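Printed here is coords.txt (compact mmCIF, C-alpha atoms):
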# COMPACT_ATOMS: atom_id res chain seq x y z
CA MET A 1207 -15.29 -29.19 -33.55
CA ALA A 1208 -18.21 -28.93 -31.12
CA ASN A 1209 -20.82 -26.23 -31.58
CA ILE A 1210 -20.12 -23.56 -28.93
CA SER A 1211 -23.36 -21.92 -27.86
CA ALA A 1212 -23.68 -18.39 -26.52
CA ALA A 1213 -25.15 -19.82 -23.29
CA LEU A 1214 -22.04 -21.96 -22.76
CA VAL A 1215 -19.76 -18.97 -23.32
CA LYS A 1216 -21.86 -16.94 -20.88
CA GLU A 1217 -21.61 -19.65 -18.21
CA LEU A 1218 -17.82 -19.86 -18.61
CA ARG A 1219 -17.55 -16.07 -18.37
CA GLU A 1220 -19.55 -16.08 -15.13
CA ARG A 1221 -17.33 -18.76 -13.65
CA THR A 1222 -13.96 -17.34 -14.72
CA GLN A 1223 -14.68 -13.58 -15.11
CA ALA A 1224 -12.61 -13.71 -18.32
CA GLY A 1225 -13.35 -12.01 -21.66
CA MET A 1226 -15.89 -13.40 -24.13
CA MET A 1227 -13.41 -14.28 -26.88
CA GLU A 1228 -11.03 -15.88 -24.39
CA CYS A 1229 -13.89 -18.04 -23.11
CA LYS A 1230 -14.95 -19.01 -26.61
CA ARG A 1231 -11.40 -20.03 -27.57
CA ALA A 1232 -11.06 -22.07 -24.35
CA LEU A 1233 -14.33 -23.90 -25.07
CA GLU A 1234 -13.27 -24.59 -28.66
CA ALA A 1235 -9.95 -26.00 -27.43
CA ALA A 1236 -11.81 -28.15 -24.88
CA ASN A 1237 -14.27 -29.35 -27.55
CA GLY A 1238 -17.18 -27.83 -25.66
CA ASP A 1239 -16.31 -29.42 -22.29
CA LEU A 1240 -17.08 -26.69 -19.75
CA GLU A 1241 -15.16 -28.22 -16.83
CA LEU A 1242 -12.10 -28.86 -19.00
CA ALA A 1243 -12.24 -25.27 -20.25
CA VAL A 1244 -12.44 -23.95 -16.67
CA GLU A 1245 -9.43 -26.06 -15.68
CA ALA A 1246 -7.44 -24.90 -18.72
CA MET A 1247 -8.24 -21.26 -18.01
CA ARG A 1248 -7.26 -21.65 -14.38
CA LYS A 1249 -3.93 -23.08 -15.47
CA SER A 1250 -3.57 -20.28 -18.00
CA GLY A 1251 -4.30 -17.78 -15.26
CA GLN A 1252 -1.56 -19.25 -13.13
CA ALA A 1253 0.84 -19.03 -16.05
CA LYS A 1254 -0.15 -15.43 -16.71
CA ALA A 1255 0.28 -14.55 -13.05
CA ALA A 1256 3.78 -16.05 -13.03
CA LYS A 1257 4.70 -14.30 -16.26
CA LYS A 1258 3.49 -10.91 -15.03
CA SER A 1259 5.06 -11.25 -11.56
CA GLY A 1260 8.28 -9.62 -12.76
CA ARG A 1261 6.56 -6.47 -13.98
CA ILE A 1262 6.76 -3.37 -11.81
CA ALA A 1263 3.60 -2.81 -9.78
CA ALA A 1264 3.86 0.57 -8.07
CA GLU A 1265 0.22 1.63 -8.11
CA GLY A 1266 -2.51 0.13 -5.98
CA MET A 1267 -4.40 0.65 -2.78
CA VAL A 1268 -3.94 0.93 0.98
CA ALA A 1269 -6.74 -0.42 3.18
CA ILE A 1270 -7.35 -0.61 6.94
CA ILE A 1271 -9.71 -2.86 8.85
CA THR A 1272 -10.36 -2.69 12.62
CA ASN A 1273 -11.91 -4.98 15.18
CA GLN A 1274 -15.23 -4.10 16.82
CA ASP A 1275 -13.92 -1.97 19.69
CA ALA A 1276 -11.10 -0.42 17.62
CA THR A 1277 -8.38 -1.69 19.96
CA SER A 1278 -6.74 -3.53 17.07
CA ALA A 1279 -6.34 -2.73 13.38
CA ILE A 1280 -4.66 -4.17 10.31
CA MET A 1281 -3.30 -2.16 7.40
CA LEU A 1282 -2.19 -3.56 4.07
CA GLU A 1283 -0.93 -2.43 0.69
CA VAL A 1284 -1.87 -4.26 -2.50
CA ASN A 1285 -0.13 -3.23 -5.71
CA CYS A 1286 -1.02 -3.26 -9.39
CA GLU A 1287 0.56 -1.63 -12.44
CA THR A 1288 -1.83 1.22 -13.25
CA ASP A 1289 -4.05 3.66 -11.39
CA PHE A 1290 -6.92 2.60 -13.65
CA VAL A 1291 -6.85 -0.96 -12.30
CA ALA A 1292 -6.41 0.36 -8.73
CA ARG A 1293 -9.90 1.87 -9.05
CA ASP A 1294 -11.45 -1.27 -10.59
CA VAL A 1295 -14.26 -2.75 -8.49
CA ASN A 1296 -12.77 -6.25 -8.80
CA PHE A 1297 -9.38 -5.06 -7.54
CA VAL A 1298 -11.00 -3.25 -4.62
CA GLY A 1299 -13.01 -6.39 -3.84
CA PHE A 1300 -9.80 -8.44 -3.73
CA VAL A 1301 -8.16 -5.94 -1.36
CA ASN A 1302 -11.19 -6.14 0.94
CA ALA A 1303 -11.07 -9.95 0.85
CA VAL A 1304 -7.42 -9.89 1.90
CA ALA A 1305 -8.21 -7.46 4.74
CA GLU A 1306 -11.07 -9.59 6.05
CA CYS A 1307 -8.94 -12.74 5.99
CA ALA A 1308 -6.11 -10.89 7.73
CA LEU A 1309 -8.38 -9.75 10.56
CA LYS A 1310 -9.32 -13.37 11.30
CA ALA A 1311 -5.92 -14.95 10.63
CA LYS A 1312 -3.57 -15.98 13.45
CA ASP A 1313 -0.50 -15.64 11.21
CA LEU A 1314 0.08 -12.43 9.26
CA ASN A 1315 3.00 -13.90 7.33
CA LEU A 1316 2.07 -13.10 3.73
CA ASP A 1317 2.81 -16.59 2.39
CA ALA A 1318 0.58 -18.13 5.05
CA LEU A 1319 -2.10 -15.49 4.64
CA MET A 1320 -2.40 -16.05 0.89
CA LEU A 1321 -3.36 -19.67 1.58
CA GLU A 1322 -6.37 -18.58 3.67
CA THR A 1323 -9.76 -19.54 2.22
CA THR A 1324 -12.22 -16.74 1.51
CA GLY A 1325 -16.01 -16.71 1.63
CA SER A 1326 -16.05 -17.69 -2.05
CA GLY A 1327 -14.36 -20.99 -1.23
CA LYS A 1328 -11.15 -19.99 -3.02
CA THR A 1329 -7.84 -19.13 -1.41
CA LEU A 1330 -6.46 -15.60 -1.68
CA THR A 1331 -3.79 -16.94 -4.03
CA GLN A 1332 -6.48 -18.33 -6.34
CA LEU A 1333 -8.39 -15.03 -6.22
CA ARG A 1334 -5.20 -13.17 -7.12
CA GLU A 1335 -4.52 -15.46 -10.07
CA ASP A 1336 -8.10 -15.02 -11.30
CA LEU A 1337 -7.71 -11.25 -11.01
CA VAL A 1338 -4.44 -11.25 -12.95
CA MET A 1339 -6.13 -13.25 -15.68
CA LYS A 1340 -9.08 -10.88 -15.82
CA LEU A 1341 -7.32 -7.51 -15.51
CA GLY A 1342 -4.06 -8.38 -17.25
CA GLU A 1343 -1.72 -6.78 -14.71
CA ASN A 1344 0.77 -7.90 -12.11
CA ILE A 1345 -1.06 -7.79 -8.78
CA HIS A 1346 0.44 -8.67 -5.42
CA VAL A 1347 -0.03 -8.10 -1.70
CA ARG A 1348 3.09 -6.14 -0.80
CA ARG A 1349 2.93 -5.67 2.97
CA ILE A 1350 0.67 -5.94 5.97
CA GLU A 1351 0.91 -4.85 9.60
CA LYS A 1352 -1.14 -5.14 12.77
CA LEU A 1353 -1.34 -2.54 15.55
CA ALA A 1354 -2.96 -2.85 18.97
CA ALA A 1355 -3.69 -0.37 21.75
CA THR A 1356 -4.77 -0.26 25.39
CA GLY A 1357 -6.89 2.78 24.49
CA ILE A 1358 -7.74 2.87 20.80
CA VAL A 1359 -6.16 2.49 17.37
CA GLY A 1360 -6.90 5.66 15.43
CA THR A 1361 -7.00 5.20 11.66
CA TYR A 1362 -7.18 7.34 8.56
CA VAL A 1363 -7.07 6.52 4.84
CA HIS A 1364 -6.62 9.26 2.24
CA SER A 1365 -7.87 8.51 -1.27
CA ASN A 1366 -6.96 4.83 -0.80
CA ARG A 1367 -3.30 5.85 -1.31
CA ILE A 1368 -2.12 6.84 2.18
CA GLY A 1369 -3.02 4.96 5.33
CA VAL A 1370 -2.14 5.56 8.98
CA MET A 1371 -2.69 3.60 12.18
CA VAL A 1372 -1.99 5.20 15.58
CA SER A 1373 -1.86 3.37 18.91
CA LEU A 1374 -3.32 5.76 21.49
CA SER A 1375 -3.27 5.37 25.28
CA VAL A 1376 -6.87 6.56 25.73
CA PRO A 1377 -10.14 5.47 24.02
CA ASN A 1378 -10.67 8.79 22.24
CA LYS A 1379 -11.84 8.05 18.67
CA GLU A 1380 -11.90 11.66 17.50
CA LEU A 1381 -8.38 12.32 18.77
CA GLY A 1382 -7.14 9.08 17.24
CA LYS A 1383 -8.50 10.04 13.84
CA ASP A 1384 -7.09 13.60 14.10
CA ILE A 1385 -3.60 12.33 14.94
CA ALA A 1386 -3.77 9.74 12.15
CA MET A 1387 -4.86 12.45 9.69
CA HIS A 1388 -1.99 14.68 10.84
CA ILE A 1389 0.54 11.87 10.31
CA ALA A 1390 -0.86 11.22 6.83
CA ALA A 1391 -0.26 14.85 5.86
CA SER A 1392 2.92 15.69 7.80
CA LYS A 1393 4.88 12.43 7.43
CA PRO A 1394 6.77 12.40 10.77
CA LEU A 1395 9.72 10.02 10.95
CA ALA A 1396 9.34 9.25 14.67
CA ILE A 1397 7.27 10.13 17.73
CA ASP A 1398 9.99 12.16 19.49
CA ALA A 1399 13.64 13.11 19.02
CA GLU A 1400 15.07 10.13 20.91
CA ASP A 1401 13.25 7.82 18.49
CA LEU A 1402 15.11 9.16 15.43
CA PRO A 1403 17.85 6.79 14.17
CA GLU A 1404 21.34 7.97 15.10
CA ASP A 1405 22.69 7.22 11.62
CA LEU A 1406 20.02 9.47 10.11
CA LEU A 1407 21.00 12.38 12.37
CA ALA A 1408 24.69 11.79 11.65
CA SER A 1409 23.99 11.82 7.91
CA GLU A 1410 22.00 15.06 8.13
CA GLU A 1411 24.76 16.67 10.20
CA GLU A 1412 27.38 15.76 7.59
CA ILE A 1413 25.22 17.25 4.85
CA TYR A 1414 24.86 20.56 6.74
CA LYS A 1415 28.61 20.68 7.45
CA ALA A 1416 29.33 20.25 3.74
CA GLN A 1417 26.79 22.94 2.82
CA PHE A 1418 28.30 25.50 5.21
CA ALA A 1419 31.94 24.58 4.61
CA THR A 1420 32.25 27.07 1.74
CA SER A 1421 30.46 29.91 3.57
CA GLY A 1422 33.75 31.49 4.66
CA LYS A 1423 32.53 31.80 8.24
CA PRO A 1424 34.66 30.84 11.30
CA PRO A 1425 34.43 27.18 12.44
CA GLU A 1426 32.62 28.10 15.67
CA ILE A 1427 29.92 29.98 13.70
CA ILE A 1428 29.59 27.07 11.27
CA ALA A 1429 29.16 24.69 14.22
CA LYS A 1430 26.28 26.84 15.55
CA MET A 1431 24.69 27.00 12.09
CA VAL A 1432 24.92 23.21 11.73
CA GLY A 1433 23.44 22.74 15.20
CA GLY A 1434 20.57 25.11 14.45
CA ARG A 1435 19.78 23.41 11.16
CA LEU A 1436 19.87 19.98 12.83
CA GLN A 1437 17.43 21.12 15.52
CA LYS A 1438 15.13 22.46 12.81
CA PHE A 1439 15.27 19.09 11.03
CA ILE A 1440 14.41 17.27 14.28
CA SER A 1441 11.47 19.60 15.03
CA GLU A 1442 10.07 19.09 11.54
CA SER A 1443 10.59 15.31 11.62
CA VAL A 1444 9.14 14.22 14.97
CA LEU A 1445 5.42 13.99 15.62
CA LEU A 1446 5.25 15.65 19.03
CA ARG A 1447 6.99 18.84 17.88
CA GLN A 1448 5.09 19.34 14.63
CA PRO A 1449 2.40 22.06 14.41
CA PHE A 1450 -0.97 20.30 14.49
CA ILE A 1451 -2.38 20.29 10.97
CA LYS A 1452 -5.88 21.39 12.03
CA ASP A 1453 -4.58 24.12 14.36
CA PRO A 1454 -0.99 25.22 13.57
CA ASP A 1455 -0.94 27.47 16.66
CA ILE A 1456 -0.42 24.39 18.84
CA CYS A 1457 1.93 21.44 18.47
CA VAL A 1458 0.82 17.81 18.57
CA ASN A 1459 2.32 17.37 22.03
CA ASP A 1460 0.08 20.17 23.40
CA LEU A 1461 -2.96 18.53 21.81
CA LEU A 1462 -2.12 15.20 23.47
CA LYS A 1463 -1.47 16.76 26.87
CA LYS A 1464 -4.84 18.48 26.76
CA ALA A 1465 -6.49 15.09 26.28
CA ASN A 1466 -4.17 13.37 28.78
CA ALA A 1467 -3.14 11.00 26.01
CA LYS A 1468 0.04 9.49 24.60
CA VAL A 1469 0.93 8.12 21.19
CA ILE A 1470 2.48 4.71 21.76
CA SER A 1471 3.33 3.96 18.13
CA PHE A 1472 2.19 4.63 14.58
CA VAL A 1473 2.47 3.13 11.11
CA ARG A 1474 2.16 5.08 7.86
CA TYR A 1475 1.83 3.49 4.40
CA GLU A 1476 1.86 5.27 1.07
CA VAL A 1477 1.18 3.40 -2.16
CA GLY A 1478 4.35 2.62 -4.07
CA GLU A 1479 6.80 4.20 -1.62
CA GLY A 1480 10.24 2.67 -2.00
CA ILE A 1481 9.38 0.97 -5.30
CA GLU A 1482 11.60 2.04 -8.16
CA LYS A 1483 9.23 3.03 -10.93
CA LYS A 1484 10.18 2.63 -14.55
CA SER A 1485 10.45 6.01 -16.25
CA THR A 1486 9.05 5.97 -19.75
CA ASP A 1487 10.10 8.29 -22.53
CA PHE A 1488 7.00 8.16 -24.72
CA ALA A 1489 8.59 10.06 -27.64
CA SER A 1490 11.57 7.69 -27.71
CA GLU A 1491 9.28 4.66 -27.64
CA VAL A 1492 7.29 5.97 -30.60
CA MET A 1493 10.48 6.70 -32.56
CA ALA A 1494 11.80 3.21 -31.79
CA GLN A 1495 8.60 1.69 -33.13
CA VAL A 1496 8.79 3.81 -36.26
CA GLU A 1497 12.41 2.83 -36.82
CA GLY A 1498 11.56 -0.82 -36.28
CA LYS A 1499 8.94 -0.74 -39.04
CA LYS A 1500 11.33 0.69 -41.64
Re-express the file's structure as C-alpha cells.
Amino acid sequence: MANISAALVKELRERTQAGMMECKRALEAANGDLELAVEAMRKSGQAKAAKKSGRIAAEGMVAIITNQDATSAIMLEVNCETDFVARDVNFVGFVNAVAECALKAKDLNLDALMLETTGSGKTLTQLREDLVMKLGENIHVRRIEKLAATGIVGTYVHSNRIGVMVSLSVPNKELGKDIAMHIAASKPLAIDAEDLPEDLLASEEEIYKAQFATSGKPPEIIAKMVGGRLQKFISESVLLRQPFIKDPDICVNDLLKKANAKVISFVRYEVGEGIEKKSTDFASEVMAQVEGKK
C-alpha cells in the first residue's frame, strides 16, 4: 500500500470538500493516485445522491434574484432534510448558484436548468452531488418560477423560508416591497374574489352548511348565516380586501388606489409547504432500539 501523505489528503479534501478520513480511505483504495481517488469519490457521491433521493427533504431555503431594473425576478425553493443544513454556507452557496444560472437561462425547466454550467466549471447537477456527498443529506431543487412586470416586480424574503414576488403596474419599489411583505404575512389565496377557484368556494359553503345544520334555526336564517360566513372567508382570503399589514385601518385596495397602481399577479413560496413530513416519535424509537439490543 502506498504511503498516503497529509499533503495528499489535504489536496483531495480541497478538491472534493469531503471529510479527512473519507479522503484518506479513497487515496488508500486508489493506491495514492489522486486523480483516481477524485474519480472514485465523484462516483461515490453520485451513488450517495441517488440513495438519499428517496428521503424526505422538507427543510431548505427560498431565494429570489432580480434583473437590473427589477422588471423581472426568479424565485426558487431548494430543499434539504434539516434546518441545520439549510443554514450551512455551502448549501446557501449552492442555492445562489442555482439562482444565478436561472437568471441567465432561457429554459427554466428544472431538468434543463440542472445541466447548466456554473462559474466553477461544473454543472448544477454535479454541484448538487458534491453537496450531498459533503453534507450527507438529500438535497434537491424543488421548484422555480419567473415573474415579469411592466412596472416593477416587488420582492420580499422572510428568514429565507418565505418568499414573495409581486408584478406591479407601476415602477414603485417601496410599494412593491410593502405588498410583497403583506402577502408573506397574510397569505392571500387570490388577488380578488373573482380569482378564487369555484370548487374552493363550493367546498367552503358545504362546510358552513354542515356546521349550521344542527343549530335548530330556520332554513332561511341558516342560508343567511352561510352567506355571511362565506363573504367573511372571501374578504380574508383575497389580497385587495385584506387590511394592510402596516396600517390595518386601510385595505390593500385603498393603498393601491392611492398610488394609482394595480397588482397583476403574485407568487408566494414557503419552505416545505405541501410536503408530507415524517412524524417521529422519539420515545418509541429509543424503546425500539432498547428492545432490539435485548
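Atom CA of Thr1277 of chain A lies 19.7 Å from atom CA of Asn1302 of chain A.
Residue neighbourhood of Leu1436 of chain A, excluding near-sequence residues (fewer than 3 positions): Leu1407, Glu1410, Glu1411, Tyr1414, Met1431, Val1432, Gly1433, Phe1439, Ile1440 and Ser1441 of chain A, at 9 Å, using only C-alpha atoms.
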### Ile1470 of chain A environment, 10 Å, only C-alpha atoms, sequence neighbours closer than 4 positions dropped, as a list in words
Ala1354, Ala1355, Thr1356, Gly1357, Val1359, Val1372, Ser1373, Leu1374, Ser1375 and Ile1397 of chain A
Using only C-alpha atoms, please write the residues we just selected to a file, as an mmCIF file, in the frame of the given file.
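Result written to result_3.cif:
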data_model
loop_
_atom_site.group_PDB
_atom_site.id
_atom_site.type_symbol
_atom_site.label_atom_id
_atom_site.label_comp_id
_atom_site.auth_asym_id
_atom_site.auth_seq_id
_atom_site.Cartn_x
_atom_site.Cartn_y
_atom_site.Cartn_z
ATOM 1 C CA ALA A 1354 -2.960 -2.850 18.970
ATOM 2 C CA ALA A 1355 -3.690 -0.370 21.750
ATOM 3 C CA THR A 1356 -4.770 -0.260 25.390
ATOM 4 C CA GLY A 1357 -6.890 2.780 24.490
ATOM 5 C CA VAL A 1359 -6.160 2.490 17.370
ATOM 6 C CA VAL A 1372 -1.990 5.200 15.580
ATOM 7 C CA SER A 1373 -1.860 3.370 18.910
ATOM 8 C CA LEU A 1374 -3.320 5.760 21.490
ATOM 9 C CA SER A 1375 -3.270 5.370 25.280
ATOM 10 C CA ILE A 1397 7.270 10.130 17.730
#
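Atom pair atom CA of Glu1351 of chain A / atom CA of Met1281 of chain A: separated by 5.5 Å.
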Give me the residues within 9 Å of Asn1237 of chain A as a PDB file with C-alpha atoms, in the coordinates of the input, counting only C-alpha atoms and dropping any in the same chain fewer than 2 places off.
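File written: part_21.pdb
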ATOM      1  CA  MET A1207     -15.290 -29.190 -33.550  1.00  0.00           C
ATOM      2  CA  ALA A1208     -18.210 -28.930 -31.120  1.00  0.00           C
ATOM      3  CA  ASN A1209     -20.820 -26.230 -31.580  1.00  0.00           C
ATOM      4  CA  ILE A1210     -20.120 -23.560 -28.930  1.00  0.00           C
ATOM      5  CA  ALA A1232     -11.060 -22.070 -24.350  1.00  0.00           C
ATOM      6  CA  LEU A1233     -14.330 -23.900 -25.070  1.00  0.00           C
ATOM      7  CA  GLU A1234     -13.270 -24.590 -28.660  1.00  0.00           C
ATOM      8  CA  ALA A1235      -9.950 -26.000 -27.430  1.00  0.00           C
ATOM      9  CA  ASP A1239     -16.310 -29.420 -22.290  1.00  0.00           C
ATOM     10  CA  LEU A1240     -17.080 -26.690 -19.750  1.00  0.00           C
ATOM     11  CA  LEU A1242     -12.100 -28.860 -19.000  1.00  0.00           C
ATOM     12  CA  ALA A1243     -12.240 -25.270 -20.250  1.00  0.00           C
TER      13      ALA A1243
END
### Query
Restricting the calculation to all atoms listed in the file, which member of A:Met1247, A:Ile1358, A:Gly1327, A:Pro1449 is positioned closest to Ala1467 of chain A?
A:Ile1358
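One finds atom CA of Val1295 of chain A at 17.4 Å from atom CA of Leu1282 of chain A.
The nearest approach to Asn1344 of chain A among the residues A:Gly1369, A:Gly1480, A:Gly1266, A:Pro1424, with all atoms listed in the file taken into account, belongs to A:Gly1266.
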## Note on the structure
In terms of only C-alpha atoms, the residue from A:Ile1389, A:Leu1314, A:Met1371, A:Glu1335 at minimal distance from Ser1278 of chain A is A:Met1371
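Shell of Asp1313 of chain A at 12 Å, with all atoms listed in the file counted and residues fewer than 4 places along the chain excluded, is Cys1307, Ala1308, Leu1309, Asp1317, Ala1318, Leu1319, Met1320, Leu1321, Glu1322, Ile1350, Glu1351 and Lys1352 of chain A.
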### Message
Residues near Ala1465 of chain A, anyone? I mean within 9 Å using all atoms listed in the file, not counting same-chain ones fewer than 4 positions away, as JSON, numbers by chain.
### Response
{"A": [1376, 1378, 1381, 1460, 1461]}
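Comparing A:Ile1428, A:Ala1263, A:Ala1269, A:Val1469 by their smallest distance to Ala1416 of chain A, the closest is A:Ile1428 (using all atoms listed in the file).
Shortest atom-to-atom contact with Ser1365 of chain A among A:Lys1423, A:Asn1459, A:Ala1390, A:Ile1345: A:Ala1390, counting all atoms listed in the file.
Taking only C-alpha atoms into account, the polymer residues that have an atom no farther than 12 Å from (-7.0, -19.6, -4.1) are Arg1248, Gly1251, Gln1252, Phe1300, Ala1303, Val1304, Ala1318, Leu1319, Met1320, Leu1321, Glu1322, Thr1323, Thr1324, Gly1325, Ser1326, Gly1327, Lys1328, Thr1329, Leu1330, Thr1331, Gln1332, Leu1333, Arg1334, Glu1335, Asp1336 and Leu1337 of chain A.
Considering the residues A:Ala1391, A:Leu1218, A:Ile1481, A:Ala1408 and counting only C-alpha atoms, Arg1231 of chain A has its shortest atom-to-atom contact with A:Leu1218.
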